[in-house]
$ cat protein30.tsv   # TSV, C-alpha atoms
chain	number	residue	atom	x	y	z
A	1	MET	CA	33.98	62.65	-57.13
A	2	LYS	CA	32.79	62.19	-53.61
A	3	ALA	CA	31.48	58.98	-52.12
A	4	ASN	CA	27.79	58.90	-51.45
A	5	ASN	CA	27.21	59.00	-47.69
A	6	GLN	CA	23.69	57.70	-48.13
A	7	GLY	CA	24.38	54.61	-50.17
A	8	LYS	CA	26.18	52.25	-47.81
A	9	ILE	CA	28.19	49.67	-49.69
A	10	GLN	CA	28.48	46.14	-48.39
A	11	LEU	CA	31.68	45.57	-46.40
A	12	ARG	CA	32.95	42.01	-46.19
A	13	LYS	CA	34.49	40.45	-43.08
A	14	TRP	CA	37.64	38.37	-42.90
A	15	LYS	CA	37.36	34.75	-41.82
A	16	THR	CA	39.64	32.98	-39.36
A	17	LEU	CA	40.70	29.62	-40.77
A	18	SER	CA	42.92	28.46	-37.91
A	19	LYS	CA	44.64	29.65	-34.73
A	20	GLU	CA	47.90	28.55	-33.17
A	21	THR	CA	49.54	29.75	-29.95
A	22	LEU	CA	52.97	31.25	-30.65
A	23	LEU	CA	53.75	32.44	-27.13
A	24	SER	CA	52.11	32.08	-23.76
A	25	ALA	CA	54.41	34.30	-21.75
A	26	ASN	CA	52.42	34.62	-18.53
A	27	THR	CA	48.86	35.40	-17.44
A	28	HIS	CA	49.24	38.85	-19.01
A	29	LEU	CA	50.22	37.90	-22.55
A	30	THR	CA	49.35	35.33	-25.18
A	31	VAL	CA	50.35	35.68	-28.83
A	32	GLU	CA	48.57	33.65	-31.49
A	33	ASN	CA	49.08	33.14	-35.19
A	34	HIS	CA	45.87	33.33	-37.21
A	35	GLU	CA	45.43	32.01	-40.72
A	36	ILE	CA	42.91	34.32	-42.39
A	37	LEU	CA	40.78	34.07	-45.51
A	38	LEU	CA	40.14	37.41	-47.22
A	39	PRO	CA	36.89	38.03	-49.14
A	40	ASP	CA	38.75	37.85	-52.47
A	41	GLY	CA	40.00	34.34	-51.69
A	42	LYS	CA	43.53	35.36	-50.73
A	43	ILE	CA	44.94	33.76	-47.58
A	44	ILE	CA	47.10	35.53	-45.01
A	45	PRO	CA	48.99	32.72	-43.27
A	46	ASP	CA	50.72	34.73	-40.51
A	47	TRP	CA	48.46	37.36	-38.92
A	48	THR	CA	49.62	37.84	-35.35
A	49	TRP	CA	46.99	38.22	-32.66
A	50	ILE	CA	47.77	39.51	-29.17
A	51	ILE	CA	45.75	38.87	-26.01
A	52	THR	CA	46.32	40.88	-22.81
A	53	PRO	CA	43.90	41.54	-19.91
A	54	ASN	CA	40.97	43.85	-20.51
A	55	VAL	CA	41.12	47.21	-18.80
A	56	VAL	CA	38.89	49.79	-17.11
A	57	ILE	CA	39.61	53.52	-16.92
A	58	VAL	CA	37.69	55.78	-14.55
A	59	ILE	CA	37.41	59.55	-14.78
A	60	ALA	CA	36.29	60.35	-11.25
A	61	VAL	CA	34.98	63.79	-10.33
A	62	THR	CA	34.44	64.84	-6.71
A	63	GLU	CA	31.42	66.63	-5.23
A	64	ASP	CA	33.30	69.92	-5.58
A	65	GLN	CA	34.12	69.30	-9.28
A	66	ASN	CA	37.74	68.21	-8.97
A	67	PHE	CA	39.11	65.41	-11.12
A	68	LEU	CA	41.04	62.62	-9.38
A	69	CYS	CA	44.31	61.94	-11.20
A	70	PHE	CA	47.65	60.41	-10.47
A	71	ARG	CA	51.07	61.85	-11.13
A	72	GLN	CA	53.07	58.73	-11.75
A	73	THR	CA	55.79	56.88	-13.56
A	74	LYS	CA	55.03	53.98	-15.87
A	75	TYR	CA	57.55	51.59	-17.34
A	76	ALA	CA	56.67	52.40	-20.97
A	77	ILE	CA	56.47	56.17	-20.47
A	78	GLU	CA	59.28	58.73	-20.59
A	79	GLY	CA	59.41	60.98	-17.54
A	80	ILE	CA	56.32	61.69	-15.46
A	81	THR	CA	52.75	61.26	-16.68
A	82	LEU	CA	49.28	62.07	-15.46
A	83	ALA	CA	46.90	59.12	-15.37
A	84	PRO	CA	43.30	58.54	-14.36
A	85	VAL	CA	42.25	55.68	-12.10
A	86	GLY	CA	42.32	52.34	-13.88
A	87	GLY	CA	43.42	48.77	-13.97
A	88	MET	CA	42.83	45.28	-15.22
A	89	ILE	CA	39.49	43.52	-15.06
A	90	GLU	CA	39.84	40.40	-12.93
A	91	GLN	CA	38.48	37.01	-13.90
A	92	HIS	CA	34.71	36.68	-13.38
A	93	GLU	CA	34.43	40.45	-12.87
A	94	ASP	CA	32.31	42.72	-15.07
A	95	ALA	CA	33.71	46.03	-16.28
A	96	LEU	CA	31.60	48.27	-14.02
A	97	SER	CA	32.51	46.25	-10.91
A	98	ALA	CA	36.18	46.49	-11.86
A	99	ALA	CA	35.84	50.25	-12.33
A	100	GLN	CA	34.18	50.66	-8.93
A	101	ARG	CA	36.78	48.43	-7.25
A	102	GLU	CA	39.73	50.25	-8.84
A	103	LEU	CA	38.38	53.67	-7.85
A	104	PHE	CA	37.91	52.57	-4.24
A	105	GLU	CA	41.22	50.71	-3.95
A	106	GLU	CA	43.33	53.40	-5.56
A	107	THR	CA	41.75	56.52	-4.04
A	108	GLY	CA	39.35	55.53	-1.23
A	109	TYR	CA	36.59	57.32	-3.16
A	110	SER	CA	33.29	55.88	-4.27
A	111	SER	CA	30.41	57.12	-6.38
A	112	GLU	CA	26.79	56.22	-7.00
A	113	GLU	CA	26.70	58.01	-10.37
A	114	TRP	CA	28.39	56.01	-13.13
A	115	VAL	CA	28.29	56.70	-16.84
A	116	LYS	CA	29.79	54.27	-19.33
A	117	LEU	CA	31.70	56.14	-22.02
A	118	GLY	CA	32.08	53.11	-24.25
A	119	SER	CA	34.20	50.02	-24.87
A	120	TYR	CA	36.97	50.17	-27.43
A	121	VAL	CA	39.51	47.77	-28.83
A	122	LEU	CA	43.12	48.74	-28.12
A	123	ASP	CA	44.32	47.72	-31.58
A	124	PRO	CA	41.98	47.36	-34.57
A	125	ASN	CA	44.23	44.77	-36.23
A	126	ARG	CA	45.75	42.68	-33.45
A	127	GLY	CA	43.07	43.12	-30.75
A	128	ILE	CA	45.28	43.13	-27.64
A	129	ALA	CA	42.60	44.22	-25.12
A	130	THR	CA	39.23	45.91	-24.66
A	131	ILE	CA	39.37	49.29	-22.94
A	132	ASN	CA	36.22	50.21	-20.99
A	133	LEU	CA	35.79	53.90	-20.15
A	134	PHE	CA	33.73	55.20	-17.23
A	135	LEU	CA	32.85	58.56	-15.73
A	136	ALA	CA	32.03	58.65	-12.00
A	137	THR	CA	30.51	61.95	-10.86
A	138	ASN	CA	29.80	63.21	-7.35
A	139	SER	CA	32.53	60.94	-5.94
A	140	LYS	CA	32.97	60.99	-2.18
A	141	GLN	CA	35.82	59.89	0.02
A	142	ALA	CA	34.80	56.75	1.90
A	143	ALA	CA	38.21	55.50	3.09
A	144	LEU	CA	41.90	55.98	2.58
A	145	PRO	CA	43.46	54.29	-0.46
A	146	ASP	CA	44.03	50.58	0.14
A	147	ALA	CA	47.78	50.31	0.68
A	148	SER	CA	47.66	46.53	0.16
A	149	GLN	CA	46.39	47.10	-3.38
A	150	LYS	CA	48.88	49.80	-4.23
A	151	ASP	CA	50.31	49.72	-7.75
A	152	LEU	CA	53.97	48.83	-8.10
A	153	GLU	CA	54.68	52.30	-9.47
A	154	ASP	CA	55.30	55.41	-7.39
A	155	GLN	CA	52.28	57.69	-7.65
A	156	GLN	CA	50.73	60.80	-6.13
A	157	LEU	CA	47.01	61.52	-6.04
A	158	LEU	CA	46.09	64.97	-7.38
A	159	PHE	CA	42.82	66.90	-7.52
A	160	LEU	CA	42.63	68.88	-10.74
A	161	SER	CA	40.05	71.52	-11.56
A	162	ARG	CA	38.26	71.28	-14.88
A	163	ASP	CA	40.48	73.99	-16.34
A	164	GLU	CA	43.60	72.24	-15.06
A	165	ILE	CA	42.68	68.85	-16.52
A	166	GLN	CA	41.63	70.41	-19.84
A	167	LYS	CA	44.97	72.18	-20.04
A	168	ALA	CA	46.90	69.02	-19.10
A	169	LEU	CA	45.01	67.11	-21.79
A	170	PHE	CA	46.00	69.61	-24.49
A	171	ASN	CA	49.58	69.67	-23.22
A	172	GLY	CA	49.80	65.91	-23.79
A	173	GLU	CA	50.39	65.23	-20.08
A	174	PHE	CA	48.23	62.09	-20.18
A	175	LYS	CA	50.82	60.17	-22.13
A	176	ALA	CA	48.91	56.96	-22.95
A	177	ILE	CA	46.32	57.04	-25.72
A	178	GLN	CA	43.56	55.40	-23.65
A	179	TRP	CA	43.94	57.98	-20.89
A	180	THR	CA	43.73	60.82	-23.40
A	181	ALA	CA	40.62	59.23	-24.93
A	182	ALA	CA	39.00	58.84	-21.51
A	183	VAL	CA	39.72	62.38	-20.34
A	184	SER	CA	38.69	63.95	-23.63
A	185	LEU	CA	35.43	61.99	-23.87
A	186	ALA	CA	34.57	62.70	-20.22
A	187	LEU	CA	35.12	66.44	-20.68
A	188	ASP	CA	32.98	66.34	-23.84
A	189	TYR	CA	30.27	64.47	-21.96
A	190	LEU	CA	30.29	66.95	-19.08
A	191	SER	CA	30.05	69.86	-21.54
A	192	LYS	CA	26.86	68.55	-23.12
B	1	MET	CA	43.00	64.22	3.87
B	2	LYS	CA	43.73	65.38	0.37
B	3	ALA	CA	47.06	65.21	-1.35
B	4	ASN	CA	48.79	68.51	-1.78
B	5	ASN	CA	48.75	69.43	-5.47
B	6	GLN	CA	51.49	71.97	-4.90
B	7	GLY	CA	54.05	69.74	-3.21
B	8	LYS	CA	55.19	67.35	-5.90
B	9	ILE	CA	56.71	64.22	-4.43
B	10	GLN	CA	59.66	62.54	-6.10
B	11	LEU	CA	58.62	59.63	-8.32
B	12	ARG	CA	61.20	56.94	-8.95
B	13	LYS	CA	61.72	55.17	-12.29
B	14	TRP	CA	62.14	51.47	-12.84
B	15	LYS	CA	65.41	50.21	-14.24
B	16	THR	CA	65.83	47.63	-17.02
B	17	LEU	CA	68.43	45.04	-15.99
B	18	SER	CA	68.29	42.84	-19.09
B	19	LYS	CA	66.27	42.16	-22.23
B	20	GLU	CA	65.70	38.91	-24.10
B	21	THR	CA	63.69	38.31	-27.29
B	22	LEU	CA	60.86	35.86	-26.65
B	23	LEU	CA	59.26	36.03	-30.09
B	24	SER	CA	60.10	37.67	-33.38
B	25	ALA	CA	56.95	36.79	-35.29
B	26	ASN	CA	57.38	39.03	-38.33
B	27	THR	CA	58.22	42.66	-39.11
B	28	HIS	CA	55.05	43.67	-37.26
B	29	LEU	CA	55.68	42.05	-33.89
B	30	THR	CA	58.54	41.43	-31.47
B	31	VAL	CA	57.99	40.33	-27.88
B	32	GLU	CA	60.76	40.75	-25.32
B	33	ASN	CA	61.20	39.70	-21.72
B	34	HIS	CA	62.58	42.45	-19.50
B	35	GLU	CA	64.16	41.91	-16.11
B	36	ILE	CA	63.33	45.02	-14.08
B	37	LEU	CA	64.71	46.50	-10.86
B	38	LEU	CA	62.11	48.39	-8.82
B	39	PRO	CA	63.13	51.36	-6.65
B	40	ASP	CA	62.64	49.31	-3.47
B	41	GLY	CA	65.19	46.71	-4.65
B	42	LYS	CA	62.62	44.11	-5.71
B	43	ILE	CA	63.23	42.44	-9.09
B	44	ILE	CA	60.54	41.56	-11.62
B	45	PRO	CA	62.07	38.79	-13.74
B	46	ASP	CA	59.34	38.43	-16.38
B	47	TRP	CA	57.94	41.77	-17.58
B	48	THR	CA	56.77	41.30	-21.15
B	49	TRP	CA	57.45	44.09	-23.62
B	50	ILE	CA	55.74	44.30	-27.01
B	51	ILE	CA	57.05	46.12	-30.09
B	52	THR	CA	54.81	46.82	-33.11
B	53	PRO	CA	55.12	49.55	-35.77
B	54	ASN	CA	54.41	53.13	-34.77
B	55	VAL	CA	51.25	54.66	-36.15
B	56	VAL	CA	49.84	57.94	-37.43
B	57	ILE	CA	46.18	58.96	-37.32
B	58	VAL	CA	44.89	61.91	-39.33
B	59	ILE	CA	41.66	63.80	-38.71
B	60	ALA	CA	41.23	65.50	-42.08
B	61	VAL	CA	38.70	68.28	-42.58
B	62	THR	CA	37.78	69.58	-46.03
B	63	GLU	CA	37.46	73.21	-47.13
B	64	ASP	CA	33.70	72.96	-46.59
B	65	GLN	CA	34.12	71.59	-43.03
B	66	ASN	CA	33.44	67.94	-43.66
B	67	PHE	CA	35.45	65.25	-41.87
B	68	LEU	CA	36.97	62.47	-44.00
B	69	CYS	CA	36.22	59.07	-42.45
B	70	PHE	CA	36.03	55.48	-43.53
B	71	ARG	CA	33.25	53.01	-42.93
B	72	GLN	CA	35.17	49.77	-42.74
B	73	THR	CA	35.71	46.37	-41.31
B	74	LYS	CA	38.80	45.52	-39.26
B	75	TYR	CA	39.86	42.07	-38.17
B	76	ALA	CA	39.78	42.89	-34.45
B	77	ILE	CA	36.48	44.77	-34.55
B	78	GLU	CA	32.94	43.39	-34.36
B	79	GLY	CA	30.69	44.57	-37.15
B	80	ILE	CA	31.32	47.84	-38.98
B	81	THR	CA	33.38	50.71	-37.58
B	82	LEU	CA	34.12	54.28	-38.51
B	83	ALA	CA	37.83	55.10	-38.75
B	84	PRO	CA	39.91	58.16	-39.58
B	85	VAL	CA	42.78	58.05	-42.06
B	86	GLY	CA	45.83	56.33	-40.61
B	87	GLY	CA	48.53	53.75	-40.94
B	88	MET	CA	51.98	52.61	-40.01
B	89	ILE	CA	55.05	54.83	-40.14
B	90	GLU	CA	57.53	53.35	-42.58
B	91	GLN	CA	61.24	52.98	-41.89
B	92	HIS	CA	63.19	56.24	-42.19
B	93	GLU	CA	59.93	58.21	-42.31
B	94	ASP	CA	58.98	60.88	-39.76
B	95	ALA	CA	55.48	60.99	-38.32
B	96	LEU	CA	54.29	64.08	-40.23
B	97	SER	CA	55.49	62.68	-43.57
B	98	ALA	CA	53.68	59.43	-42.83
B	99	ALA	CA	50.51	61.35	-41.99
B	100	GLN	CA	50.68	63.33	-45.22
B	101	ARG	CA	51.41	60.19	-47.24
B	102	GLU	CA	48.55	58.22	-45.68
B	103	LEU	CA	46.05	61.04	-46.25
B	104	PHE	CA	47.02	61.31	-49.90
B	105	GLU	CA	47.18	57.56	-50.58
B	106	GLU	CA	43.92	56.72	-48.84
B	107	THR	CA	41.76	59.64	-49.95
B	108	GLY	CA	43.55	61.61	-52.68
B	109	TYR	CA	43.31	64.69	-50.43
B	110	SER	CA	46.16	66.89	-49.26
B	111	SER	CA	46.48	69.80	-46.87
B	112	GLU	CA	48.94	72.56	-46.10
B	113	GLU	CA	47.58	73.10	-42.59
B	114	TRP	CA	48.78	70.46	-40.17
B	115	VAL	CA	48.41	70.48	-36.38
B	116	LYS	CA	50.07	67.82	-34.26
B	117	LEU	CA	47.71	66.69	-31.52
B	118	GLY	CA	50.38	64.79	-29.61
B	119	SER	CA	52.22	61.48	-29.44
B	120	TYR	CA	50.99	58.83	-27.06
B	121	VAL	CA	52.07	55.37	-26.04
B	122	LEU	CA	49.55	52.63	-26.87
B	123	ASP	CA	50.14	50.77	-23.60
B	124	PRO	CA	51.68	52.40	-20.53
B	125	ASN	CA	53.08	49.10	-19.28
B	126	ARG	CA	54.10	47.10	-22.34
B	127	GLY	CA	54.75	49.92	-24.80
B	128	ILE	CA	53.55	48.27	-28.02
B	129	ALA	CA	53.64	51.41	-30.26
B	130	THR	CA	53.61	55.19	-30.34
B	131	ILE	CA	50.43	56.73	-31.74
B	132	ASN	CA	50.91	60.13	-33.41
B	133	LEU	CA	47.76	62.23	-33.84
B	134	PHE	CA	47.34	64.92	-36.49
B	135	LEU	CA	44.65	67.34	-37.61
B	136	ALA	CA	44.72	68.48	-41.25
B	137	THR	CA	42.39	71.40	-41.95
B	138	ASN	CA	41.37	72.92	-45.27
B	139	SER	CA	42.08	69.64	-47.06
B	140	LYS	CA	41.61	69.65	-50.81
B	141	GLN	CA	41.16	66.82	-53.29
B	142	ALA	CA	44.29	66.52	-55.42
B	143	ALA	CA	43.80	63.05	-56.93
B	144	LEU	CA	41.75	59.92	-56.60
B	145	PRO	CA	42.73	57.49	-53.82
B	146	ASP	CA	45.74	55.39	-54.79
B	147	ALA	CA	44.27	51.98	-55.59
B	148	SER	CA	47.72	50.38	-55.46
B	149	GLN	CA	48.01	51.43	-51.80
B	150	LYS	CA	44.53	50.30	-50.83
B	151	ASP	CA	44.18	48.64	-47.44
B	152	LEU	CA	43.36	44.96	-47.40
B	153	GLU	CA	40.04	45.71	-45.75
B	154	ASP	CA	36.88	46.77	-47.55
B	155	GLN	CA	36.21	50.42	-46.89
B	156	GLN	CA	34.03	53.34	-48.00
B	157	LEU	CA	35.06	56.99	-47.79
B	158	LEU	CA	32.49	59.21	-46.06
B	159	PHE	CA	32.26	62.96	-45.53
B	160	LEU	CA	30.75	63.69	-42.12
B	161	SER	CA	29.60	67.07	-40.88
B	162	ARG	CA	30.81	68.23	-37.50
B	163	ASP	CA	27.49	67.29	-35.91
B	164	GLU	CA	27.58	63.87	-37.55
B	165	ILE	CA	31.11	63.04	-36.38
B	166	GLN	CA	30.40	64.34	-32.86
B	167	LYS	CA	27.32	62.12	-32.68
B	168	ALA	CA	29.22	59.10	-34.06
B	169	LEU	CA	31.94	59.68	-31.46
B	170	PHE	CA	29.44	59.64	-28.59
B	171	ASN	CA	27.70	56.60	-30.05
B	172	GLY	CA	30.99	54.69	-29.90
B	173	GLU	CA	31.10	54.23	-33.67
B	174	PHE	CA	34.89	54.76	-33.76
B	175	LYS	CA	35.55	51.40	-32.16
B	176	ALA	CA	39.33	51.60	-31.55
B	177	ILE	CA	40.56	53.68	-28.63
B	178	GLN	CA	43.15	55.62	-30.69
B	179	TRP	CA	40.50	56.69	-33.20
B	180	THR	CA	38.22	57.88	-30.41
B	181	ALA	CA	41.13	59.81	-28.86
B	182	ALA	CA	42.00	61.42	-32.20
B	183	VAL	CA	38.44	62.46	-33.06
B	184	SER	CA	37.71	63.75	-29.57
B	185	LEU	CA	40.94	65.76	-29.34
B	186	ALA	CA	40.46	67.19	-32.83
B	187	LEU	CA	36.91	68.31	-32.04
B	188	ASP	CA	38.15	69.87	-28.79
B	189	TYR	CA	40.92	71.63	-30.67
B	190	LEU	CA	38.52	72.99	-33.31
B	191	SER	CA	36.18	74.26	-30.55
B	192	LYS	CA	38.88	76.33	-28.92
$ encode --input "protein30.tsv" --output "structure tokens"
Amino acid sequence: MKANNQGKIQLRKWKTLSKETLLSANTHLTVENHEILLPDGKIIPDWTWIITPNVVIVIAVTEDQNFLCFRQTKYAIEGITLAPVGGMIEQHEDALSAAQRELFEETGYSSEEWVKLGSYVLDPNRGIATINLFLATNSKQAALPDASQKDLEDQQLLFLSRDEIQKALFNGEFKAIQWTAAVSLALDYLSK
Amino acid sequence: MKANNQGKIQLRKWKTLSKETLLSANTHLTVENHEILLPDGKIIPDWTWIITPNVVIVIAVTEDQNFLCFRQTKYAIEGITLAPVGGMIEQHEDALSAAQRELFEETGYSSEEWVKLGSYVLDPNRGIATINLFLATNSKQAALPDASQKDLEDQQLLFLSRDEIQKALFNGEFKAIQWTAAVSLALDYLSK
């Protein structure tokens, strides 16, 4: 007995009854407790809700079809990882401006051809952050990376061919889920 | 001046000096403060670290090449979303067993053809959880969904053709980043 794809059933939303701050650790993390009313009248008194800064990720491709990536270490990642350009959106900054700023600061490259590959929640239950994915094609070097804006982590800028980045993606070398999503979607988009 | 892809520079790891629990909200969330030593000798005294349950996501494809997906609501998502099968890994359970259990409980389907599409950290800085992605091909209906294991959210099981799921992916209808990563990687894998 298969569900009927045509007949869309009504899906009911949960309602937030109250919010309370459990932890305000620093500018990068707030944890709240939400009291939630389910559609059937049941109440969940202790649904934790996490707020961290929203993020941009940029898959940048050069004029000669190389993908800009970093080899780097990250505190939550075992060993070495590959990572695209990315970072936090600053206050009063829109996602595209943050993407353009991060690309320029981290690599010295800029682009006039930006495609938004969507905005996604990091966690469907607890929220945590919105991840905004961008593809920047025909990127050109305009400056050297801005050393004053360098990430705290050691990193090395690489230029990967399309075959190399596809292979790295399948090998799991982009070790964070949002990087894998960004690379995979960008490659799909470029294949269309 | 491009970086030399061949000459890999040494990348230094950060070192954890101490850990302290800031919040132990429930079985689903612990927040720690980590004191971290950077390679240059600088100390970060207040790096927040988040621990939530590890997760499996299953892209399940039926014998007749339809993709099992849910239309559903989620607390952290605006409006309606599409979502693959998935859930938390239970204690003393390995990721594959959790994937097989979730597929069976949520849909009544099972498969003997499992491909692991990688394990990824949810957040490269704060950790949060490991997301394990699986593809289950040639899935067959073995029972009805287990009503006793039903998620709290309203949901409707759909069977999407490959064209339909590809289109939904590009339209951003899988609104959590791990779902988008799973669907995109699975479609890439099946295209190989």
$ residues_around --input "protein30.tsv" --residues "range 55-60 of chain B" --least-positions-apart "3" --cutoff "9 Å" --atoms "all atoms listed in the file" --output "number ranges by chain"
B: 66-69, 84-89, 95-96, 98-100, 102-103, 109-111, 129-139, 178-179, 182-183, 186
$ interface_residues --input "protein30.tsv" --of "chain B" --to "chain A" --cutoff "7 Å" --atoms "all atoms listed in the file" --output "MDAnalysis selection string"
chainID B and resid 3 5 11:14 72:77 118 120:127 154:155 157:159 172 175:178 180:181 184:185
$ atom_distance --input "protein30.tsv" --atom1 "CA of Glu90 in chain B" --atom2 "CA of Val115 in chain B"
20.4 Å
$ atom_distance --input "protein30.tsv" --atom1 "CA of Ala142 in chain B" --atom2 "CA of Gln91 in chain B"
25.6 Å
$ atom_distance --input "protein30.tsv" --atom1 "CA of Leu190 in chain A" --atom2 "CA of Lys116 in chain A"
12.7 Å
$ closest_residue --input "protein30.tsv" --among "B:Phe104, B:Phe70, B:Thr30, B:Lys19" --to "Pro45 in chain B" --atoms "only C-alpha atoms"
B:Lys19
$ closest_residue --input "protein30.tsv" --among "B:Glu164, B:Glu20, B:Asp64, B:Glu106" --to "Asp146 in chain B" --atoms "all atoms listed in the file"
B:Glu106
$ closest_residue --input "protein30.tsv" --among "A:Ser18, A:His92, A:Thr27, A:Thr62" --to "Ile43 in chain A" --atoms "all atoms listed in the file"
A:Ser18
$ build_atoms --input "protein30.tsv" --residues "range 67-86 of chain A" --atoms "N, CA and C atoms" --output "compact mmCIF listing (two decimals), in the frame of the given file"
# COMPACT_ATOMS: atom_id res chain seq x y z
N PHE A 67 38.85 66.68 -10.45
CA PHE A 67 39.11 65.41 -11.12
C PHE A 67 40.25 64.68 -10.41
N LEU A 68 40.01 63.43 -10.05
CA LEU A 68 41.04 62.62 -9.38
C LEU A 68 42.01 62.08 -10.43
N CYS A 69 43.28 62.40 -10.26
CA CYS A 69 44.31 61.94 -11.20
C CYS A 69 45.55 61.56 -10.42
N PHE A 70 46.35 60.73 -11.04
CA PHE A 70 47.65 60.41 -10.47
C PHE A 70 48.76 61.07 -11.28
N ARG A 71 49.75 61.59 -10.56
CA ARG A 71 51.07 61.85 -11.13
C ARG A 71 51.82 60.56 -10.93
N GLN A 72 52.40 60.00 -11.99
CA GLN A 72 53.07 58.73 -11.75
C GLN A 72 54.10 58.43 -12.84
N THR A 73 54.88 57.42 -12.56
CA THR A 73 55.79 56.88 -13.56
C THR A 73 55.17 55.58 -14.06
N LYS A 74 55.43 55.27 -15.31
CA LYS A 74 55.03 53.98 -15.87
C LYS A 74 56.21 53.48 -16.68
N TYR A 75 56.35 52.16 -16.71
CA TYR A 75 57.55 51.59 -17.34
C TYR A 75 57.69 52.00 -18.80
N ALA A 76 56.59 52.12 -19.52
CA ALA A 76 56.67 52.40 -20.97
C ALA A 76 56.62 53.90 -21.28
N ILE A 77 56.64 54.73 -20.25
CA ILE A 77 56.47 56.17 -20.47
C ILE A 77 57.70 56.94 -20.03
N GLU A 78 58.14 57.86 -20.89
CA GLU A 78 59.28 58.73 -20.59
C GLU A 78 58.86 59.75 -19.54
N GLY A 79 59.67 59.94 -18.53
CA GLY A 79 59.41 60.98 -17.54
C GLY A 79 58.16 60.70 -16.73
N ILE A 80 57.50 61.78 -16.31
CA ILE A 80 56.32 61.69 -15.46
C ILE A 80 55.08 61.83 -16.34
N THR A 81 54.02 61.13 -15.96
CA THR A 81 52.75 61.26 -16.68
C THR A 81 51.62 61.52 -15.70
N LEU A 82 50.54 62.10 -16.19
CA LEU A 82 49.28 62.07 -15.46
C LEU A 82 48.50 60.86 -15.93
N ALA A 83 47.71 60.30 -15.02
CA ALA A 83 46.90 59.12 -15.37
C ALA A 83 45.63 59.13 -14.55
N PRO A 84 44.52 58.74 -15.17
CA PRO A 84 43.30 58.54 -14.36
C PRO A 84 43.38 57.22 -13.61
N VAL A 85 42.41 56.98 -12.75
CA VAL A 85 42.25 55.68 -12.10
C VAL A 85 42.05 54.61 -13.16
N GLY A 86 42.57 53.42 -12.93
CA GLY A 86 42.32 52.34 -13.88
C GLY A 86 43.06 51.09 -13.50
